[in-house]
Amino acid sequence: MQITTRSRVAAVAIAGTLALAGCGSDNNTTSETTSGGATTASSGATSAGSETTSASTDCPSGTLNAEGSSAQKNAFEEVVAAYNEKCADVTINYNPSGSGTGIKQFNAGQVDFAGSDSALKTEEKDGVIEVDAAKKRCNSDAWNLPMVVGPISVAYNLPGVDTLVLTPEVISGIFQGEITKWSDEKIAALNKDAKLPDTEIKPFFRSDESGTTDNFTKYLKAAGGDSWKADPGKVWTGKGEGKEKSSGVSDAVKTTEGGVTYVEWSYAKDNGLAMAQIDNGSGPVELTAEAVGKFIAAAKADGTGNDLRLKLDYATKEAGAYPIGLVTYEIVCSKNADASKQAMVKSFLSFFATPETQSSLEELGYAPLPADVQTKVAAAVEALS
């Protein structure tokens, strides 16, 4: 586990800025997920199935299992570590297997909640409507709770080119194999002061079913119009070489001159990758937390009640807004027959949604939820029963 802001977030926890859910025991009826790069984070936690009470009367005790988005992995680990400074008797296992797998595991009852970079689908795919499957699993409505804002960078490895401007049309051409050299005239026209080499472009994409892919292709379709020919989705339909998870594509670009990929800001920062400025029509915009915040703040509510799905405007031409990003949702049962599990879910997600915790994630490469969204998420978590 990489802990870079643990002390900062822990201070928030120790200060007691949050009224946590009441105590409860854990029957641990779900299986622990530990394969595929799973994270187990605890500090003196009780063992699974334990009936003991937490040392703190404000905290529950037991084990939670979650799975899904690799985009939120770094943020999730950091928050778990800070949360365990407050609530030592809760063990939280997270398997960053990808959004698609996380939803499938949640709907199958294998995990207590899922992380997904796109909300549950309301239309049928492969014979399944995710919203309906989740409702059947929960025996109640499942809610999409936005928790982590993950800007998506277009990261590249091109020595000597520190500044690179791209448009959605050019990005589409690169990832569809239509633009194959970094010296291509379409790239050169956007970067007149850059010395672009005649290096082959080597695109890398997520080979696993990915919410990052879903959001990136939604951006290309919305902002690039006819230049992106396929429908958006979690499964990649463009060209390039596939690598598994966010770590796979970022590692590939880091070690490949001429490489380019779409990957969360946190992974690009961790790997020291150069990132393109994006021009949606109002001038180049560098990826910063402030620029992404402008993009997320313009999102429209797309759910009802405490189902807080958002509709992002990828085609925005607002000056200074960085237009490629995703929101990772924690997908939860609105009602849970296992009161001890729900107490832990409420306690942890309440901590996750605080302004202090959200702002602490910025240095990891995430952007805080806008204040009005934070307020709605906090209210929705409190309404879990």
# chains A, B, ... in the order shown; residues from 1 in each chain; ligands from 1
>>> residues_around(residues="Ser99 (chain A)", least_positions_apart="6", cutoff="9 Å", atoms="only C-alpha atoms", output="ChimeraX atom specification")
/A:67-71,114-118,209-212,234,328
>>> write_last_selection(atoms="all heavy atoms", output="mmCIF file, in the first residue's frame")
data_model
loop_
_atom_site.group_PDB
_atom_site.id
_atom_site.type_symbol
_atom_site.label_atom_id
_atom_site.label_comp_id
_atom_site.auth_asym_id
_atom_site.auth_seq_id
_atom_site.Cartn_x
_atom_site.Cartn_y
_atom_site.Cartn_z
ATOM 1 N N GLU A 67 -14.961 -4.648 -4.589
ATOM 2 C CA GLU A 67 -14.233 -4.985 -5.819
ATOM 3 C C GLU A 67 -14.648 -4.038 -6.928
ATOM 4 O O GLU A 67 -15.747 -3.490 -6.920
ATOM 5 C CB GLU A 67 -14.534 -6.437 -6.217
ATOM 6 C CG GLU A 67 -13.736 -6.931 -7.417
ATOM 7 C CD GLU A 67 -13.765 -8.447 -7.555
ATOM 8 O OE1 GLU A 67 -14.281 -9.128 -6.651
ATOM 9 O OE2 GLU A 67 -13.253 -8.934 -8.574
ATOM 10 N N GLY A 68 -13.747 -3.851 -7.890
ATOM 11 C CA GLY A 68 -14.113 -3.070 -9.065
ATOM 12 C C GLY A 68 -13.029 -2.156 -9.573
ATOM 13 O O GLY A 68 -11.884 -2.568 -9.756
ATOM 14 N N SER A 69 -13.388 -0.913 -9.792
ATOM 15 C CA SER A 69 -12.564 0.091 -10.454
ATOM 16 C C SER A 69 -11.108 0.091 -10.004
ATOM 17 O O SER A 69 -10.804 0.212 -8.823
ATOM 18 C CB SER A 69 -13.163 1.477 -10.200
ATOM 19 O OG SER A 69 -12.234 2.499 -10.491
ATOM 20 N N SER A 70 -10.208 -0.024 -10.978
ATOM 21 C CA SER A 70 -8.792 0.162 -10.667
ATOM 22 C C SER A 70 -8.439 1.643 -10.668
ATOM 23 O O SER A 70 -7.405 2.044 -10.119
ATOM 24 C CB SER A 70 -7.908 -0.599 -11.666
ATOM 25 O OG SER A 70 -8.073 -0.100 -12.974
ATOM 26 N N ALA A 71 -9.306 2.476 -11.262
ATOM 27 C CA ALA A 71 -9.050 3.915 -11.295
ATOM 28 C C ALA A 71 -9.001 4.503 -9.893
ATOM 29 O O ALA A 71 -8.231 5.425 -9.613
ATOM 30 C CB ALA A 71 -10.128 4.617 -12.118
ATOM 31 N N ALA A 114 -19.495 -2.358 -4.684
ATOM 32 C CA ALA A 114 -18.633 -2.353 -5.865
ATOM 33 C C ALA A 114 -18.200 -0.935 -6.189
ATOM 34 O O ALA A 114 -18.920 0.027 -5.909
ATOM 35 C CB ALA A 114 -19.355 -2.962 -7.061
ATOM 36 N N GLY A 115 -17.022 -0.818 -6.792
ATOM 37 C CA GLY A 115 -16.573 0.455 -7.338
ATOM 38 C C GLY A 115 -16.659 0.391 -8.852
ATOM 39 O O GLY A 115 -16.162 -0.552 -9.462
ATOM 40 N N SER A 116 -17.308 1.369 -9.455
ATOM 41 C CA SER A 116 -17.447 1.366 -10.917
ATOM 42 C C SER A 116 -17.295 2.768 -11.469
ATOM 43 O O SER A 116 -17.851 3.727 -10.929
ATOM 44 C CB SER A 116 -18.810 0.803 -11.334
ATOM 45 O OG SER A 116 -18.964 0.864 -12.746
ATOM 46 N N ASP A 117 -16.571 2.877 -12.583
ATOM 47 C CA ASP A 117 -16.337 4.172 -13.217
ATOM 48 C C ASP A 117 -17.470 4.575 -14.142
ATOM 49 O O ASP A 117 -17.378 5.585 -14.839
ATOM 50 C CB ASP A 117 -15.014 4.142 -13.996
ATOM 51 C CG ASP A 117 -13.850 3.767 -13.104
ATOM 52 O OD1 ASP A 117 -13.887 4.108 -11.915
ATOM 53 O OD2 ASP A 117 -12.913 3.098 -13.586
ATOM 54 N N SER A 118 -18.515 3.796 -14.170
ATOM 55 C CA SER A 118 -19.751 4.186 -14.839
ATOM 56 C C SER A 118 -20.906 3.628 -14.015
ATOM 57 O O SER A 118 -20.777 2.577 -13.381
ATOM 58 C CB SER A 118 -19.800 3.669 -16.284
ATOM 59 O OG SER A 118 -19.583 2.280 -16.343
ATOM 60 N N GLU A 209 -12.315 -5.287 -19.204
ATOM 61 C CA GLU A 209 -13.539 -4.497 -19.290
ATOM 62 C C GLU A 209 -13.430 -3.351 -18.295
ATOM 63 O O GLU A 209 -13.338 -3.561 -17.089
ATOM 64 C CB GLU A 209 -14.740 -5.388 -18.973
ATOM 65 C CG GLU A 209 -16.073 -4.804 -19.371
ATOM 66 C CD GLU A 209 -17.204 -5.804 -19.250
ATOM 67 O OE1 GLU A 209 -17.115 -6.860 -19.912
ATOM 68 O OE2 GLU A 209 -18.146 -5.538 -18.493
ATOM 69 N N SER A 210 -13.471 -2.131 -18.801
ATOM 70 C CA SER A 210 -13.035 -0.997 -17.983
ATOM 71 C C SER A 210 -13.972 0.199 -18.068
ATOM 72 O O SER A 210 -14.382 0.616 -19.147
ATOM 73 C CB SER A 210 -11.628 -0.565 -18.437
ATOM 74 O OG SER A 210 -11.299 0.707 -17.967
ATOM 75 N N GLY A 211 -14.273 0.764 -16.894
ATOM 76 C CA GLY A 211 -15.037 2.005 -16.862
ATOM 77 C C GLY A 211 -14.230 3.168 -17.405
ATOM 78 O O GLY A 211 -14.794 4.140 -17.907
ATOM 79 N N THR A 212 -12.904 3.093 -17.303
ATOM 80 C CA THR A 212 -12.064 4.138 -17.886
ATOM 81 C C THR A 212 -12.211 4.150 -19.403
ATOM 82 O O THR A 212 -12.328 5.211 -20.025
ATOM 83 C CB THR A 212 -10.587 3.914 -17.507
ATOM 84 O OG1 THR A 212 -10.483 3.773 -16.094
ATOM 85 C CG2 THR A 212 -9.728 5.080 -17.954
ATOM 86 N N LYS A 234 -17.358 -0.329 -22.338
ATOM 87 C CA LYS A 234 -16.275 -0.766 -21.452
ATOM 88 C C LYS A 234 -15.256 -1.634 -22.175
ATOM 89 O O LYS A 234 -14.145 -1.837 -21.676
ATOM 90 C CB LYS A 234 -16.860 -1.538 -20.265
ATOM 91 C CG LYS A 234 -17.711 -0.693 -19.340
ATOM 92 C CD LYS A 234 -18.326 -1.553 -18.232
ATOM 93 C CE LYS A 234 -19.265 -0.732 -17.374
ATOM 94 N NZ LYS A 234 -19.960 -1.563 -16.368
ATOM 95 N N THR A 328 -15.914 7.703 -10.146
ATOM 96 C CA THR A 328 -16.072 6.345 -9.651
ATOM 97 C C THR A 328 -17.198 6.327 -8.632
ATOM 98 O O THR A 328 -17.181 7.084 -7.662
ATOM 99 C CB THR A 328 -14.784 5.823 -8.997
ATOM 100 O OG1 THR A 328 -13.733 5.833 -9.965
ATOM 101 C CG2 THR A 328 -14.977 4.396 -8.500
#
>>> select_by_dssp(residues="region 141-302 of chain A", states="helix (DSSP H, G or I)", output="PyMOL selection string")
chain A and resi 168-175+185-190+211-227+245-254+265-270+289-297
>>> atom_distance(atom1="CA of Asp184 (chain A)", atom2="CA of Gly238 (chain A)")
19.0 Å
>>> residues_around(residues="Ala66 (chain A)", least_positions_apart="2", cutoff="8 Å", atoms="only C-alpha atoms", output="VMD selection string")
chain A and resid 33 64 68 92 to 95 102 111 to 115
>>> residues_around(residues="Ser227 (chain A)", least_positions_apart="6", cutoff="8 Å", atoms="only C-alpha atoms", output="ChimeraX atom specification")
/A:169,172-173,220-221
>>> write_last_selection(atoms="N, CA and C atoms", output="short mmCIF file (atom, residue, chain, number, x, y, z; two decimals), in the first residue's frame")
data_model
loop_
_atom_site.label_atom_id
_atom_site.label_comp_id
_atom_site.auth_asym_id
_atom_site.auth_seq_id
_atom_site.Cartn_x
_atom_site.Cartn_y
_atom_site.Cartn_z
N GLU A 169 -10.55 15.05 -32.17
CA GLU A 169 -10.48 14.48 -33.52
C GLU A 169 -9.12 13.80 -33.74
N SER A 172 -8.84 10.65 -31.62
CA SER A 172 -9.59 9.57 -32.28
C SER A 172 -8.78 8.95 -33.39
N GLY A 173 -8.12 9.80 -34.19
CA GLY A 173 -7.29 9.30 -35.28
C GLY A 173 -6.14 8.45 -34.79
N LEU A 220 -14.66 10.74 -26.59
CA LEU A 220 -14.33 10.80 -28.01
C LEU A 220 -15.58 10.90 -28.88
N LYS A 221 -16.61 10.16 -28.51
CA LYS A 221 -17.85 10.16 -29.29
C LYS A 221 -18.57 11.51 -29.18
#
>>> residues_around(residues="region 140-147 of chain A", least_positions_apart="4", cutoff="6 Å", atoms="only C-alpha atoms", output="ChimeraX atom specification")
/A:134-135,307-309,328-335
>>> write_last_selection(atoms="N, CA, C and O atoms", output="mmCIF file, in the first residue's frame")
data_model
loop_
_atom_site.group_PDB
_atom_site.id
_atom_site.type_symbol
_atom_site.label_atom_id
_atom_site.label_comp_id
_atom_site.auth_asym_id
_atom_site.auth_seq_id
_atom_site.Cartn_x
_atom_site.Cartn_y
_atom_site.Cartn_z
ATOM 1 N N ALA A 134 -28.928 -5.739 -9.952
ATOM 2 C CA ALA A 134 -28.506 -5.219 -8.653
ATOM 3 C C ALA A 134 -29.694 -5.142 -7.683
ATOM 4 O O ALA A 134 -29.560 -5.450 -6.495
ATOM 5 N N LYS A 135 -30.845 -4.748 -8.194
ATOM 6 C CA LYS A 135 -32.037 -4.672 -7.341
ATOM 7 C C LYS A 135 -32.436 -6.055 -6.839
ATOM 8 O O LYS A 135 -32.820 -6.223 -5.669
ATOM 9 N N ASP A 307 -30.140 7.979 -5.666
ATOM 10 C CA ASP A 307 -29.332 7.371 -6.722
ATOM 11 C C ASP A 307 -28.675 8.525 -7.472
ATOM 12 O O ASP A 307 -29.315 9.193 -8.290
ATOM 13 N N LEU A 308 -27.413 8.772 -7.206
ATOM 14 C CA LEU A 308 -26.762 10.024 -7.603
ATOM 15 C C LEU A 308 -25.905 9.886 -8.859
ATOM 16 O O LEU A 308 -24.830 10.476 -8.955
ATOM 17 N N ARG A 309 -26.392 9.145 -9.829
ATOM 18 C CA ARG A 309 -25.664 9.055 -11.096
ATOM 19 C C ARG A 309 -25.608 10.430 -11.742
ATOM 20 O O ARG A 309 -26.523 11.243 -11.618
ATOM 21 N N THR A 328 -15.914 7.703 -10.146
ATOM 22 C CA THR A 328 -16.072 6.345 -9.651
ATOM 23 C C THR A 328 -17.198 6.327 -8.632
ATOM 24 O O THR A 328 -17.181 7.084 -7.662
ATOM 25 N N TYR A 329 -18.175 5.472 -8.890
ATOM 26 C CA TYR A 329 -19.302 5.299 -7.991
ATOM 27 C C TYR A 329 -19.050 4.121 -7.060
ATOM 28 O O TYR A 329 -18.530 3.087 -7.493
ATOM 29 N N GLU A 330 -19.441 4.268 -5.803
ATOM 30 C CA GLU A 330 -19.557 3.106 -4.933
ATOM 31 C C GLU A 330 -20.999 2.640 -5.059
ATOM 32 O O GLU A 330 -21.935 3.404 -4.785
ATOM 33 N N ILE A 331 -21.172 1.414 -5.510
ATOM 34 C CA ILE A 331 -22.515 0.871 -5.750
ATOM 35 C C ILE A 331 -22.916 0.048 -4.531
ATOM 36 O O ILE A 331 -22.245 -0.926 -4.176
ATOM 37 N N VAL A 332 -24.003 0.465 -3.899
ATOM 38 C CA VAL A 332 -24.406 -0.111 -2.615
ATOM 39 C C VAL A 332 -25.883 -0.468 -2.632
ATOM 40 O O VAL A 332 -26.668 0.087 -3.408
ATOM 41 N N CYS A 333 -26.256 -1.387 -1.748
ATOM 42 C CA CYS A 333 -27.671 -1.687 -1.524
ATOM 43 C C CYS A 333 -28.256 -0.586 -0.642
ATOM 44 O O CYS A 333 -27.702 -0.275 0.410
ATOM 45 N N SER A 334 -29.384 -0.024 -1.060
ATOM 46 C CA SER A 334 -30.003 1.018 -0.246
ATOM 47 C C SER A 334 -30.516 0.455 1.075
ATOM 48 O O SER A 334 -30.529 1.147 2.093
ATOM 49 N N LYS A 335 -30.922 -0.808 1.062
ATOM 50 C CA LYS A 335 -31.333 -1.508 2.270
ATOM 51 C C LYS A 335 -30.567 -2.830 2.331
ATOM 52 O O LYS A 335 -30.362 -3.462 1.304
#
>>> residues_around(residues="region 197-201 of chain A", least_positions_apart="6", cutoff="6 Å", atoms="only C-alpha atoms", output="list in words")
Thr180, Lys181, Trp182, Ser183 and Gly258 of chain A
>>> write_last_selection(atoms="N, CA, C and O atoms", output="CSV table (one decimal), in the first residue's frame")
chain,number,residue,atom,x,y,z
A,180,THR,N,-0.4,7.6,-37.6
A,180,THR,CA,0.6,6.6,-37.1
A,180,THR,C,1.9,7.1,-36.8
A,180,THR,O,2.8,6.4,-36.3
A,181,LYS,N,2.2,8.4,-37.1
A,181,LYS,CA,3.5,9.0,-36.8
A,181,LYS,C,3.3,10.3,-36.0
A,181,LYS,O,2.4,11.1,-36.2
A,182,TRP,N,4.2,10.5,-35.0
A,182,TRP,CA,4.1,11.7,-34.2
A,182,TRP,C,4.3,13.0,-35.0
A,182,TRP,O,3.9,14.1,-34.6
A,183,SER,N,5.0,12.8,-36.2
A,183,SER,CA,5.2,14.0,-37.0
A,183,SER,C,4.1,14.3,-38.0
A,183,SER,O,4.2,15.2,-38.8
A,258,GLY,N,7.4,6.6,-27.9
A,258,GLY,CA,6.3,6.7,-28.9
A,258,GLY,C,5.0,6.2,-28.4
A,258,GLY,O,4.0,6.3,-29.0
>>> select_by_dssp(residues="region 69-288 of chain A", states="strand (DSSP E)", output="ChimeraX atom specification")
/A:90-95,113-116,142-156,165-166,202-206,241-243,259-264,274-275,277-279,284-285
>>> atom_distance(atom1="CA of Ser385 (chain A)", atom2="CA of Asp338 (chain A)")
9.5 Å
>>> residues_around(residues="Cys87 (chain A)", least_positions_apart="2", cutoff="8 Å", atoms="only C-alpha atoms", output="PyMOL selection string")
chain A and resi 54+56+59-61+83-85+89-90
>>> write_last_selection(atoms="C-alpha atoms", output="JSON list (two decimals), in the first residue's frame")
[["chain", "number", "residue", "atom", "x", "y", "z"],
["A", 54, "SER", "CA", -14.78, -2.44, 18.63],
["A", 56, "SER", "CA", -14.26, 2.57, 20.07],
["A", 59, "CYS", "CA", -17.06, 2.37, 15.25],
["A", 60, "PRO", "CA", -18.42, -0.95, 13.99],
["A", 61, "SER", "CA", -16.27, -4.06, 13.72],
["A", 83, "TYR", "CA", -10.12, 5.30, 8.28],
["A", 84, "ASN", "CA", -8.38, 2.50, 10.18],
["A", 85, "GLU", "CA", -6.65, 5.14, 12.31],
["A", 89, "ASP", "CA", -11.61, -3.05, 14.05],
["A", 90, "VAL", "CA", -12.92, -2.85, 10.49]]
>>> closest_residue(among="A:Gln72, A:Thr304, A:Thr217, A:Gln358", to="Ser246 (chain A)", atoms="only C-alpha atoms")
A:Gln72
>>> closest_residue(among="A:Asn215, A:Gln176, A:Ser153, A:Asn74", to="Pro203 (chain A)", atoms="only C-alpha atoms")
A:Gln176
>>> closest_atom_pairs(of="region 138-252 of chain A", to="region 313-316 of chain A", cutoff="7 Å", atoms="only C-alpha atoms", output="JSON lines")
{"residue": "A:Tyr219", "atom": "CA", "partner": "A:Tyr314", "partner_atom": "CA", "distance": 5.0}
{"residue": "A:Ala222", "atom": "CA", "partner": "A:Ala315", "partner_atom": "CA", "distance": 5.4}
{"residue": "A:Ala223", "atom": "CA", "partner": "A:Ala315", "partner_atom": "CA", "distance": 4.3}
>>> write_last_selection(atoms="C-alpha atoms", output="mmCIF file, in the first residue's frame")
data_model
loop_
_atom_site.group_PDB
_atom_site.id
_atom_site.type_symbol
_atom_site.label_atom_id
_atom_site.label_comp_id
_atom_site.auth_asym_id
_atom_site.auth_seq_id
_atom_site.Cartn_x
_atom_site.Cartn_y
_atom_site.Cartn_z
ATOM 1 C CA TYR A 219 -15.592 11.603 -24.520
ATOM 2 C CA ALA A 222 -19.327 13.305 -27.734
ATOM 3 C CA ALA A 223 -16.475 15.729 -28.393
#
>>> closest_residue(among="A:Asp226, A:Glu318, A:Asp162, A:Asp214", to="Val285 (chain A)", atoms="only C-alpha atoms")
A:Glu318
>>> atom_distance(atom1="CA of Val80 (chain A)", atom2="CA of Arg137 (chain A)")
25.6 Å
>>> decode(residues="region 216-227 of chain A", atoms="N, CA, C and O atoms", output="mmCIF file, in the first residue's frame")
data_model
loop_
_atom_site.group_PDB
_atom_site.id
_atom_site.type_symbol
_atom_site.label_atom_id
_atom_site.label_comp_id
_atom_site.auth_asym_id
_atom_site.auth_seq_id
_atom_site.Cartn_x
_atom_site.Cartn_y
_atom_site.Cartn_z
ATOM 1 N N PHE A 216 -13.648 7.239 -21.554
ATOM 2 C CA PHE A 216 -12.785 7.795 -22.594
ATOM 3 C C PHE A 216 -13.471 7.745 -23.959
ATOM 4 O O PHE A 216 -13.430 8.726 -24.720
ATOM 5 N N THR A 217 -14.123 6.640 -24.270
ATOM 6 C CA THR A 217 -14.811 6.543 -25.567
ATOM 7 C C THR A 217 -16.085 7.396 -25.595
ATOM 8 O O THR A 217 -16.470 7.892 -26.655
ATOM 9 N N LYS A 218 -16.707 7.605 -24.442
ATOM 10 C CA LYS A 218 -17.832 8.549 -24.383
ATOM 11 C C LYS A 218 -17.348 9.955 -24.732
ATOM 12 O O LYS A 218 -18.027 10.709 -25.433
ATOM 13 N N TYR A 219 -16.171 10.300 -24.203
ATOM 14 C CA TYR A 219 -15.592 11.603 -24.520
ATOM 15 C C TYR A 219 -15.326 11.731 -26.017
ATOM 16 O O TYR A 219 -15.700 12.725 -26.652
ATOM 17 N N LEU A 220 -14.664 10.736 -26.594
ATOM 18 C CA LEU A 220 -14.328 10.804 -28.014
ATOM 19 C C LEU A 220 -15.585 10.895 -28.878
ATOM 20 O O LEU A 220 -15.618 11.634 -29.869
ATOM 21 N N LYS A 221 -16.613 10.157 -28.505
ATOM 22 C CA LYS A 221 -17.850 10.165 -29.290
ATOM 23 C C LYS A 221 -18.566 11.508 -29.176
ATOM 24 O O LYS A 221 -19.066 12.058 -30.167
ATOM 25 N N ALA A 222 -18.604 12.059 -27.958
ATOM 26 C CA ALA A 222 -19.327 13.305 -27.734
ATOM 27 C C ALA A 222 -18.574 14.513 -28.273
ATOM 28 O O ALA A 222 -19.161 15.395 -28.906
ATOM 29 N N ALA A 223 -17.259 14.549 -28.018
ATOM 30 C CA ALA A 223 -16.475 15.729 -28.393
ATOM 31 C C ALA A 223 -15.948 15.651 -29.809
ATOM 32 O O ALA A 223 -15.778 16.681 -30.475
ATOM 33 N N GLY A 224 -15.680 14.436 -30.288
ATOM 34 C CA GLY A 224 -15.095 14.275 -31.616
ATOM 35 C C GLY A 224 -16.089 14.010 -32.724
ATOM 36 O O GLY A 224 -15.719 13.983 -33.896
ATOM 37 N N GLY A 225 -17.347 13.808 -32.337
ATOM 38 C CA GLY A 225 -18.377 13.582 -33.348
ATOM 39 C C GLY A 225 -18.104 12.353 -34.191
ATOM 40 O O GLY A 225 -17.826 11.266 -33.686
ATOM 41 N N ASP A 226 -18.150 12.548 -35.496
ATOM 42 C CA ASP A 226 -17.994 11.431 -36.426
ATOM 43 C C ASP A 226 -16.565 10.888 -36.491
ATOM 44 O O ASP A 226 -16.332 9.846 -37.105
ATOM 45 N N SER A 227 -15.613 11.575 -35.858
ATOM 46 C CA SER A 227 -14.230 11.105 -35.933
ATOM 47 C C SER A 227 -14.034 9.800 -35.150
ATOM 48 O O SER A 227 -13.151 9.016 -35.481
#
